[in-house]
$ cat query-v4.txt   # compact mmCIF, C-alpha atoms
# COMPACT_ATOMS: atom_id res chain seq x y z
CA MET A 30 53.82 183.28 150.40
CA LYS A 31 53.89 184.01 154.14
CA GLU A 32 50.38 182.57 154.49
CA ARG A 33 51.49 179.40 152.76
CA ARG A 34 54.55 179.06 154.99
CA LYS A 35 52.42 179.59 158.12
CA LYS A 36 50.11 176.79 156.96
CA GLN A 37 53.13 174.57 156.27
CA ARG A 38 54.42 175.13 159.80
CA LYS A 39 51.02 174.32 161.35
CA ARG A 40 50.33 171.03 159.54
CA ILE A 41 51.75 167.68 160.67
CA ALA A 42 54.17 166.35 158.07
CA HIS A 43 52.96 163.23 156.26
CA TYR A 44 56.16 161.35 157.02
CA ARG A 45 55.65 162.10 160.73
CA LEU A 46 52.26 160.33 160.58
CA GLY A 47 54.00 157.43 158.83
CA GLN A 48 56.61 157.28 161.59
CA ILE A 49 53.95 157.29 164.32
CA ILE A 50 51.85 154.56 162.64
CA ALA A 51 54.98 152.44 161.98
CA THR A 52 56.06 152.81 165.62
CA ILE A 53 52.63 151.68 166.83
CA ILE A 54 52.66 148.68 164.47
CA THR A 55 56.26 147.53 164.99
CA LEU A 56 56.07 147.96 168.76
CA GLY A 57 52.51 146.67 168.92
CA HIS A 58 52.78 143.64 171.18
CA ALA A 59 50.50 145.14 173.82
CA PRO A 60 50.25 142.02 176.07
CA ALA A 61 53.92 142.61 176.97
CA LEU A 62 52.80 145.67 178.93
CA TRP A 63 51.29 143.45 181.66
CA THR A 64 53.04 140.11 181.12
CA GLY A 65 56.52 141.42 180.25
CA ASN A 66 56.99 138.48 177.90
CA ILE A 67 58.60 138.79 174.49
CA TYR A 68 56.47 138.04 171.39
CA GLN A 69 57.31 134.59 169.97
CA GLY A 70 54.86 134.20 167.08
CA PRO A 71 55.29 133.76 163.34
CA LEU A 72 55.54 137.53 162.66
CA LYS A 73 59.09 137.37 164.06
CA ALA A 74 60.10 135.63 160.82
CA ALA A 75 59.52 138.93 159.03
CA CYS A 76 62.02 141.76 159.22
CA VAL A 77 60.97 145.38 159.12
CA PRO A 78 63.11 147.65 156.93
CA ILE A 79 64.21 149.73 159.92
CA LEU A 80 66.14 149.54 163.18
CA ASN A 81 63.82 147.62 165.51
CA CYS A 82 65.23 145.81 168.52
CA TRP A 83 63.81 142.30 168.53
CA GLY A 84 64.69 141.94 172.19
CA CYS A 85 62.07 144.56 173.04
CA PRO A 86 59.02 142.82 174.59
CA LEU A 87 56.74 145.10 172.55
CA SER A 88 58.39 144.22 169.25
CA LEU A 89 56.33 142.18 166.78
CA PHE A 90 58.92 141.88 164.02
CA SER A 91 62.61 141.16 163.60
CA CYS A 92 65.49 143.57 163.11
CA PRO A 93 67.23 143.17 159.74
CA ILE A 94 70.64 144.22 161.04
CA GLY A 95 70.28 141.80 163.96
CA GLY A 96 69.34 139.09 161.45
CA LEU A 97 72.30 139.97 159.24
CA GLN A 98 74.69 139.63 162.17
CA HIS A 99 73.06 136.38 163.29
CA PHE A 100 73.76 134.78 159.90
CA PHE A 101 77.32 136.13 159.98
CA ASN A 102 77.71 134.64 163.47
CA LEU A 103 76.77 131.26 161.96
CA HIS A 104 79.17 131.89 159.04
CA LEU A 105 76.28 131.70 156.58
CA PHE A 106 75.41 134.02 153.71
CA PRO A 107 72.19 135.87 154.66
CA PHE A 108 70.20 135.34 151.43
CA TYR A 109 66.93 136.52 152.98
CA ILE A 110 68.34 139.68 154.56
CA PHE A 111 70.47 140.44 151.47
CA GLY A 112 67.42 140.17 149.21
CA PHE A 113 65.28 142.12 151.64
CA PHE A 114 67.65 145.08 151.84
CA GLY A 115 68.25 144.98 148.08
CA ALA A 116 64.57 144.89 147.12
CA ILE A 117 63.63 147.72 149.49
CA GLY A 118 66.63 149.78 148.38
CA MET A 119 65.95 149.25 144.68
CA LEU A 120 62.30 150.26 145.00
CA VAL A 121 62.36 153.19 147.44
CA GLY A 122 65.98 153.83 148.48
CA ARG A 123 66.16 155.39 151.95
CA MET A 124 62.44 156.13 152.14
CA ALA A 125 61.95 153.68 155.03
CA CYS A 126 64.39 155.75 157.13
CA GLY A 127 62.17 158.79 156.67
CA TRP A 128 58.70 157.29 156.87
CA LEU A 129 58.96 154.27 159.18
CA CYS A 130 61.89 154.39 161.60
CA PRO A 131 60.93 154.92 165.28
CA PHE A 132 64.51 155.88 166.11
CA GLY A 133 64.33 158.48 163.34
CA LEU A 134 61.16 159.83 164.93
CA PHE A 135 62.98 160.00 168.28
CA GLN A 136 65.81 162.01 166.71
CA ASP A 137 63.37 164.32 164.91
CA LEU A 138 61.72 165.06 168.26
CA LEU A 139 65.12 165.72 169.86
CA GLN A 140 65.76 168.28 167.11
CA LYS A 141 62.81 170.29 168.44
CA VAL A 142 64.81 171.14 171.58
CA LYS A 143 65.61 174.85 171.30
CA THR A 144 69.38 175.21 171.44
CA ILE A 145 72.27 175.98 169.11
CA LYS A 146 72.31 173.81 165.99
CA LEU A 147 75.45 172.56 164.27
CA ARG A 148 76.07 171.39 160.72
CA LEU A 149 77.66 167.99 160.26
CA PRO A 150 80.86 167.91 158.17
CA TYR A 151 80.05 165.87 155.07
CA TRP A 152 83.00 163.47 155.49
CA MET A 153 81.47 162.20 158.73
CA THR A 154 78.59 160.64 156.80
CA TYR A 155 81.06 157.99 155.57
CA THR A 156 81.50 156.67 159.14
CA LYS A 157 78.30 154.62 158.87
CA TYR A 158 79.88 152.47 156.12
CA ALA A 159 82.72 151.62 158.52
CA VAL A 160 80.14 150.72 161.20
CA LEU A 161 78.34 148.46 158.71
CA ILE A 162 81.43 146.74 157.32
CA ILE A 163 83.56 146.53 160.47
CA VAL A 164 81.11 146.24 163.40
CA ALA A 165 78.07 144.55 161.80
CA GLY A 166 80.23 142.65 159.28
CA PHE A 167 83.77 141.58 160.14
CA ILE A 168 83.51 141.70 163.94
CA ALA A 169 80.19 139.80 163.90
CA TRP A 170 81.72 137.19 161.58
CA PHE A 171 84.98 136.66 163.47
CA THR A 172 83.79 136.96 167.09
CA MET A 173 80.49 135.15 166.42
CA GLU A 174 78.71 137.77 168.55
CA PRO A 175 76.25 140.45 167.31
CA TRP A 176 78.43 143.38 168.32
CA PHE A 177 76.33 146.07 166.70
CA CYS A 178 73.37 144.94 168.88
CA LYS A 179 75.62 145.22 171.92
CA VAL A 180 76.28 148.90 171.21
CA CYS A 181 72.99 149.84 169.50
CA PRO A 182 71.34 152.88 171.14
CA ALA A 183 67.92 151.84 169.78
CA GLY A 184 68.32 148.51 171.60
CA ILE A 185 69.01 150.10 174.96
CA ILE A 186 66.09 152.52 174.62
CA GLU A 187 63.57 149.90 173.37
CA ALA A 188 64.69 146.89 175.40
CA GLY A 189 67.51 147.41 177.91
CA ILE A 190 66.15 150.35 179.92
CA PRO A 191 62.46 149.19 179.96
CA LEU A 192 63.51 145.69 181.08
CA VAL A 193 65.61 147.00 183.96
CA LEU A 194 63.02 149.59 185.02
CA THR A 195 60.06 147.17 184.95
CA ASP A 196 61.93 144.36 186.69
CA LYS A 197 59.83 143.47 189.75
CA THR A 198 61.92 140.62 191.14
CA GLY A 199 65.31 142.32 190.82
CA ASP A 200 66.75 139.35 188.88
CA ILE A 201 67.39 141.39 185.74
CA ARG A 202 68.71 144.38 187.68
CA ALA A 203 71.26 142.08 189.26
CA LEU A 204 72.60 141.25 185.79
CA VAL A 205 73.44 144.84 184.86
CA GLY A 206 77.10 144.84 183.86
CA TRP A 207 79.71 147.18 182.40
CA LEU A 208 78.29 146.80 178.87
CA PHE A 209 74.95 148.15 180.03
CA TRP A 210 76.66 151.35 181.20
CA VAL A 211 78.66 151.54 177.95
CA LYS A 212 75.35 151.36 176.08
CA ILE A 213 73.88 154.07 178.29
CA GLY A 214 76.97 156.18 177.51
CA ILE A 215 76.49 155.64 173.77
CA LEU A 216 72.81 156.57 174.11
CA VAL A 217 73.68 159.78 175.96
CA PHE A 218 76.27 160.59 173.28
CA VAL A 219 73.76 159.99 170.45
CA VAL A 220 70.97 161.91 172.21
CA GLY A 221 73.30 164.87 172.87
CA PHE A 222 74.48 165.08 169.28
CA SER A 223 70.95 164.50 167.93
CA ILE A 224 69.83 167.63 169.76
CA LEU A 225 72.61 169.63 168.13
CA ILE A 226 72.76 167.97 164.70
CA LYS A 227 69.82 166.85 162.56
CA ARG A 228 69.50 163.03 162.52
CA PHE A 229 73.03 162.52 163.83
CA PHE A 230 72.69 158.74 164.27
CA CYS A 231 71.11 158.18 160.80
CA ARG A 232 73.85 160.13 159.07
CA VAL A 233 76.89 158.99 161.02
CA LEU A 234 76.27 155.59 162.62
CA CYS A 235 73.26 153.73 161.21
CA PRO A 236 74.28 150.60 159.24
CA ILE A 237 70.79 150.28 157.72
CA GLY A 238 71.04 153.86 156.44
CA ALA A 239 74.44 152.94 154.99
CA ILE A 240 72.92 150.06 153.01
CA TYR A 241 69.95 152.02 151.66
CA SER A 242 72.05 155.08 150.82
CA VAL A 243 73.93 153.05 148.21
CA PHE A 244 70.63 152.52 146.37
CA ASN A 245 69.39 156.11 146.57
CA ARG A 246 70.90 157.10 143.21
CA PHE A 247 69.26 154.22 141.35
CA SER A 248 66.01 153.54 143.19
CA LEU A 249 62.69 153.59 141.38
CA VAL A 250 61.30 156.36 143.61
CA HIS A 251 63.39 159.45 143.13
CA LEU A 252 63.20 163.22 143.37
CA TYR A 253 63.76 165.87 140.71
CA VAL A 254 64.15 169.63 140.77
CA GLU A 255 62.78 171.81 137.98
CA LYS A 256 65.59 174.33 138.04
CA GLU A 257 63.81 176.83 135.81
CA LYS A 258 61.02 177.16 138.44
CA CYS A 259 63.35 177.18 141.45
CA ARG A 260 64.32 180.51 143.03
CA GLN A 261 67.72 179.42 144.38
CA PRO A 262 69.83 180.78 145.96
CA SER A 263 67.51 183.49 147.34
CA CYS A 264 64.88 181.04 148.65
CA GLY A 265 66.66 177.97 150.12
CA TYR A 266 63.49 176.92 151.98
CA CYS A 267 63.94 173.23 151.05
CA ALA A 268 67.41 173.16 152.62
CA ARG A 269 66.10 174.78 155.82
CA ILE A 270 63.25 172.34 156.38
CA CYS A 271 65.18 169.21 155.31
CA PRO A 272 65.45 166.79 158.29
CA MET A 273 68.77 165.55 156.92
CA ASP A 274 70.19 169.03 156.45
CA ILE A 275 70.91 168.55 152.75
CA ASN A 276 70.58 170.90 149.82
CA ILE A 277 68.19 169.14 147.51
CA TYR A 278 68.84 171.71 144.78
CA ASP A 279 72.42 170.51 144.26
CA ASN A 280 71.54 166.84 143.94
CA PRO A 281 67.97 165.62 144.49
CA ASN A 282 69.05 161.97 144.82
CA GLN A 283 72.06 162.21 147.05
CA LYS A 284 72.80 159.35 149.43
CA GLU A 285 71.61 161.13 152.58
CA CYS A 286 68.10 161.94 151.30
CA ILE A 287 65.51 159.93 153.28
CA ARG A 288 62.70 160.74 150.81
CA CYS A 289 60.49 162.26 153.49
CA LEU A 290 59.11 164.43 150.66
CA GLU A 291 58.86 167.42 152.99
CA CYS A 292 60.66 169.58 150.40
CA VAL A 293 58.18 168.43 147.75
CA LYS A 294 55.23 169.44 149.94
CA SER A 295 56.74 172.72 151.11
CA CYS A 296 58.54 174.20 148.07
CA PRO A 297 57.02 177.69 147.56
CA SER A 298 57.74 177.49 143.82
CA VAL A 299 56.46 173.91 143.43
CA ALA A 300 59.81 173.15 141.79
CA ILE A 301 60.52 169.80 143.51
CA GLY A 302 58.71 166.60 142.67
CA TRP A 303 59.00 162.84 142.98
CA THR A 304 58.38 160.17 140.41
CA PHE A 305 58.63 156.47 139.57
CA GLN A 306 59.97 157.30 136.14
CA LYS A 307 63.55 156.90 135.03
CA PRO A 308 66.20 157.94 137.57
CA ASP A 309 67.92 161.26 137.16
CA LEU A 310 70.54 161.06 134.43
CA ALA A 311 72.11 164.39 135.30
CA LEU A 312 75.23 163.73 133.24
CA LEU A 313 73.17 163.45 130.08
CA ARG A 314 70.84 166.36 130.69
CA VAL A 315 70.74 168.37 127.47
CA GLU A 316 70.53 172.13 127.71
CA LYS A 317 67.99 173.04 125.08
CA ASN A 318 68.77 176.75 124.87
CA MET B 22 70.14 177.50 108.77
CA ASN B 23 73.87 177.15 108.31
CA LYS B 24 75.87 173.94 108.63
CA GLN B 25 76.99 174.67 112.19
CA GLU B 26 73.42 175.06 113.43
CA LYS B 27 72.36 171.89 111.61
CA ASP B 28 75.19 169.96 113.26
CA ARG B 29 74.24 171.37 116.67
CA ASP B 30 70.59 170.35 116.25
CA PHE B 31 71.63 166.90 115.07
CA LEU B 32 73.89 166.48 118.10
CA LEU B 33 71.12 167.60 120.50
CA LEU B 34 68.70 165.17 118.90
CA ALA B 35 71.21 162.33 119.21
CA LEU B 36 71.83 163.15 122.88
CA GLN B 37 68.10 163.26 123.59
CA ARG B 38 67.68 159.83 121.95
CA LEU B 39 70.57 158.53 124.02
CA GLU B 40 68.99 159.90 127.20
CA THR B 41 65.66 158.23 126.39
CA ASP B 42 67.33 154.91 125.57
CA LEU B 43 69.46 154.98 128.70
CA GLY B 44 66.40 155.84 130.78
CA ARG B 45 64.65 152.78 129.38
CA LEU B 46 67.75 150.65 129.95
CA ILE B 47 68.10 151.75 133.56
CA HIS B 48 64.46 150.78 134.15
CA TYR B 49 65.26 147.27 132.92
CA VAL B 50 68.36 147.20 135.14
CA ILE B 51 66.24 148.17 138.18
CA ILE B 52 63.66 145.48 137.37
CA PHE B 53 66.45 142.91 136.82
CA PHE B 54 68.15 143.61 140.14
CA THR B 55 64.82 143.75 142.02
CA ALA B 56 64.03 140.30 140.57
CA ILE B 57 67.44 139.03 141.75
CA PHE B 58 66.82 140.37 145.26
CA LEU B 59 63.33 138.86 145.39
CA ALA B 60 64.78 135.54 144.20
CA SER B 61 67.35 135.80 146.98
CA ILE B 62 64.55 136.20 149.56
CA ILE B 63 62.75 133.14 148.16
CA TYR B 64 65.98 131.09 148.04
CA GLY B 65 66.78 132.16 151.62
CA GLY B 66 63.27 131.05 152.63
CA MET B 67 63.88 127.65 151.01
CA LEU B 68 67.12 127.32 152.98
CA GLY B 69 65.25 127.99 156.22
CA ASP B 70 66.18 131.64 156.78
CA PHE B 71 62.65 132.57 157.88
CA THR B 72 62.58 129.84 160.53
CA GLU B 73 66.05 130.81 161.71
CA THR B 74 65.06 134.50 161.93
CA GLU B 75 61.88 133.61 163.82
CA SER B 76 63.70 131.42 166.32
CA VAL B 77 66.50 133.92 167.03
CA GLY B 78 64.03 136.81 167.20
CA SER B 79 61.90 134.98 169.75
CA VAL B 80 64.71 134.76 172.29
CA MET B 81 65.54 137.74 174.46
CA CYS B 82 69.30 138.22 174.12
CA LEU B 83 70.23 139.59 177.54
CA SER B 84 73.92 139.96 176.70
CA CYS B 85 72.95 142.22 173.78
CA MET B 86 71.35 144.52 176.35
CA GLY B 87 74.48 144.63 178.44
CA LEU B 88 73.11 142.21 180.99
CA GLN B 89 75.70 139.66 182.08
CA GLN B 90 74.44 136.12 182.62
$ encode --input "query-v4.txt" --output "structure tokens"
Amino acid sequence: MKERRKKQRKRIAHYRLGQIIATIITLGHAPALWTGNIYQGPLKAACVPILNCWGCPLSLFSCPIGGLQHFFNLHLFPFYIFGFFGAIGMLVGRMACGWLCPFGLFQDLLQKVKTIKLRLPYWMTYTKYAVLIIVAGFIAWFTMEPWFCKVCPAGIIEAGIPLVLTDKTGDIRALVGWLFWVKIGILVFVVGFSILIKRFFCRVLCPIGAIYSVFNRFSLVHLYVEKEKCRQPSCGYCARICPMDINIYDNPNQKECIRCLECVKSCPSVAIGWTFQKPDLALLRVEKN
Amino acid sequence: MNKQEKDRDFLLLALQRLETDLGRLIHYVIIFFTAIFLASIIYGGMLGDFTETESVGSVMCLSCMGLQQ
């Protein structure tokens, strides 16, 4: 068992490779490194299912939450973005958060900082729904401004800071206003809490996570726990390695699960699995003995 | 096997059937909703959502980065 756990610790998690590849692809507009110009090609018509600032010169694709707000700004129903979120959510739930999101990767790396770790009170995970409905929804609709973009910490890290730092003429630096410093403050706040709490932003503030989490219970890809094989509560290894700090044993398809499948790979009893078969109908589970 | 055990077995069998049927039903529901969402993407594309997304994504929004113009 110890040997197996040592091996588990040494290997790079599969979802980490997914995150790295997705970061390279989504931020793959290499010419921006020497020209500084934003990509303006046809790929910008496509959204990626993750937080990806489209103002970043390296960005090849569009941000779905930016797109959602843009249509709200125009007082139009966002059929494309609505369908996009729905289709992804129905098929894989929050899997994109675990396997593709560069900002998720950033938070996972911050978690590696050796310091005291805190557990997030569960009620705080409902805050992201308020961010989605109020900031990315109502405020965007009524003020006709993408207010989530204006406070997004991924935006400042991918676009705001690089633009100001690489500004050779000083024109952009001259435009730095109070909102820039507010964004820096939000980034510092998120970074600080992400060091202390696993995936703080994903669980508390991310509007994309809020949308996908609704689908987690019903999505085609889902997890299951074979409770007869599981050695809970003595083991608890899955809960310790979970990047979202959840106990998969209690509910394998809870809204916070990002389907990184790390528990599936690491379970010493091979009691956790994932499948495309029918979603977990826990209420109807018949005890045969 | 007494009557109580027979009833219990019958009930278990009925519940298992129900679980299987509901599992099948929920698969159809997933496929139905996925089809609706895909149709929404296509309809959005017909309305010009792709072009709109491309044009807004190709402009660097300085005010979104806290830069005042």
$ residues_around --input "query-v4.txt" --residues "stretch 228-236 of chain A" --least-positions-apart "3" --cutoff "9 Å" --atoms "only C-alpha atoms" --output "JSON, numbers by chain"
{"A": [80, 94, 126, 132, 133, 136, 137, 139, 140, 149, 153, 154, 155, 156, 157, 158, 159, 160, 161, 162, 165, 177, 219, 220, 222, 223, 224, 225, 239, 240, 241, 272, 273, 274, 285]}
$ closest_residue --input "query-v4.txt" --among "A:Ile110, A:Ile53, A:Ile163, A:Leu249" --to "B:Val50" --atoms "all atoms listed in the file"
A:Leu249
$ residues_around --input "query-v4.txt" --residues "B:Cys82" --least-positions-apart "5" --cutoff "9 Å" --atoms "only C-alpha atoms" --output "number ranges by chain"
A: 83-84; B: 77, 88
$ write_last_selection --input "query-v4.txt" --atoms "C-alpha atoms" --output "short mmCIF file (atom, residue, chain, number, x, y, z; two decimals), in the frame of the given file"
data_model
loop_
_atom_site.label_atom_id
_atom_site.label_comp_id
_atom_site.auth_asym_id
_atom_site.auth_seq_id
_atom_site.Cartn_x
_atom_site.Cartn_y
_atom_site.Cartn_z
CA TRP A 83 63.81 142.30 168.53
CA GLY A 84 64.69 141.94 172.19
CA VAL B 77 66.50 133.92 167.03
CA LEU B 88 73.11 142.21 180.99
#
$ residues_near_point --input "query-v4.txt" --point "(63.4, 142.1, 159.0)" --cutoff "8 Å" --atoms "only C-alpha atoms" --output "list of chain:residue names"
A:Ala74, A:Ala75, A:Cys76, A:Val77, A:Pro78, A:Ile79, A:Phe90, A:Ser91, A:Cys92, A:Pro93, A:Ile94, A:Gly96, A:Ile110, A:Phe113
$ interface_residues --input "query-v4.txt" --of "chain B" --to "chain A" --cutoff "6 Å" --atoms "only C-alpha atoms" --output "PDB file with C-alpha atoms, in the frame of the given file"
ATOM      1  CA  GLY B  44      66.400 155.840 130.780  1.00  0.00           C
ATOM      2  CA  THR B  55      64.820 143.750 142.020  1.00  0.00           C
ATOM      3  CA  PHE B  58      66.820 140.370 145.260  1.00  0.00           C
ATOM      4  CA  LEU B  59      63.330 138.860 145.390  1.00  0.00           C
ATOM      5  CA  SER B  61      67.350 135.800 146.980  1.00  0.00           C
ATOM      6  CA  ILE B  62      64.550 136.200 149.560  1.00  0.00           C
ATOM      7  CA  GLY B  65      66.780 132.160 151.620  1.00  0.00           C
ATOM      8  CA  PHE B  71      62.650 132.570 157.880  1.00  0.00           C
ATOM      9  CA  THR B  74      65.060 134.500 161.930  1.00  0.00           C
ATOM     10  CA  GLU B  75      61.880 133.610 163.820  1.00  0.00           C
ATOM     11  CA  GLY B  78      64.030 136.810 167.200  1.00  0.00           C
ATOM     12  CA  SER B  79      61.900 134.980 169.750  1.00  0.00           C
ATOM     13  CA  MET B  81      65.540 137.740 174.460  1.00  0.00           C
ATOM     14  CA  CYS B  85      72.950 142.220 173.780  1.00  0.00           C
ATOM     15  CA  MET B  86      71.350 144.520 176.350  1.00  0.00           C
ATOM     16  CA  GLY B  87      74.480 144.630 178.440  1.00  0.00           C
ATOM     17  CA  LEU B  88      73.110 142.210 180.990  1.00  0.00           C
ATOM     18  CA  GLN B  89      75.700 139.660 182.080  1.00  0.00           C
TER      19      GLN B  89
END
$ residues_near_point --input "query-v4.txt" --point "(59.1, 159.4, 156.1)" --cutoff "7 Å" --atoms "all atoms listed in the file" --output "number ranges by chain"
A: 44-45, 47-48, 124-129, 288-289
$ atom_distance --input "query-v4.txt" --atom1 "atom CA of A:Gly65" --atom2 "atom CA of A:Leu134"
24.4 Å
$ closest_residue --input "query-v4.txt" --among "B:Asp30, B:Leu46, B:Ile51, B:Lys24" --to "A:Phe244" --atoms "all atoms listed in the file"
B:Ile51
$ atom_distance --input "query-v4.txt" --atom1 "atom CA of A:Cys259" --atom2 "atom CA of A:Ala300"
5.4 Å
$ atom_distance --input "query-v4.txt" --atom1 "atom CA of A:Leu87" --atom2 "atom CA of B:Ser84"
18.4 Å
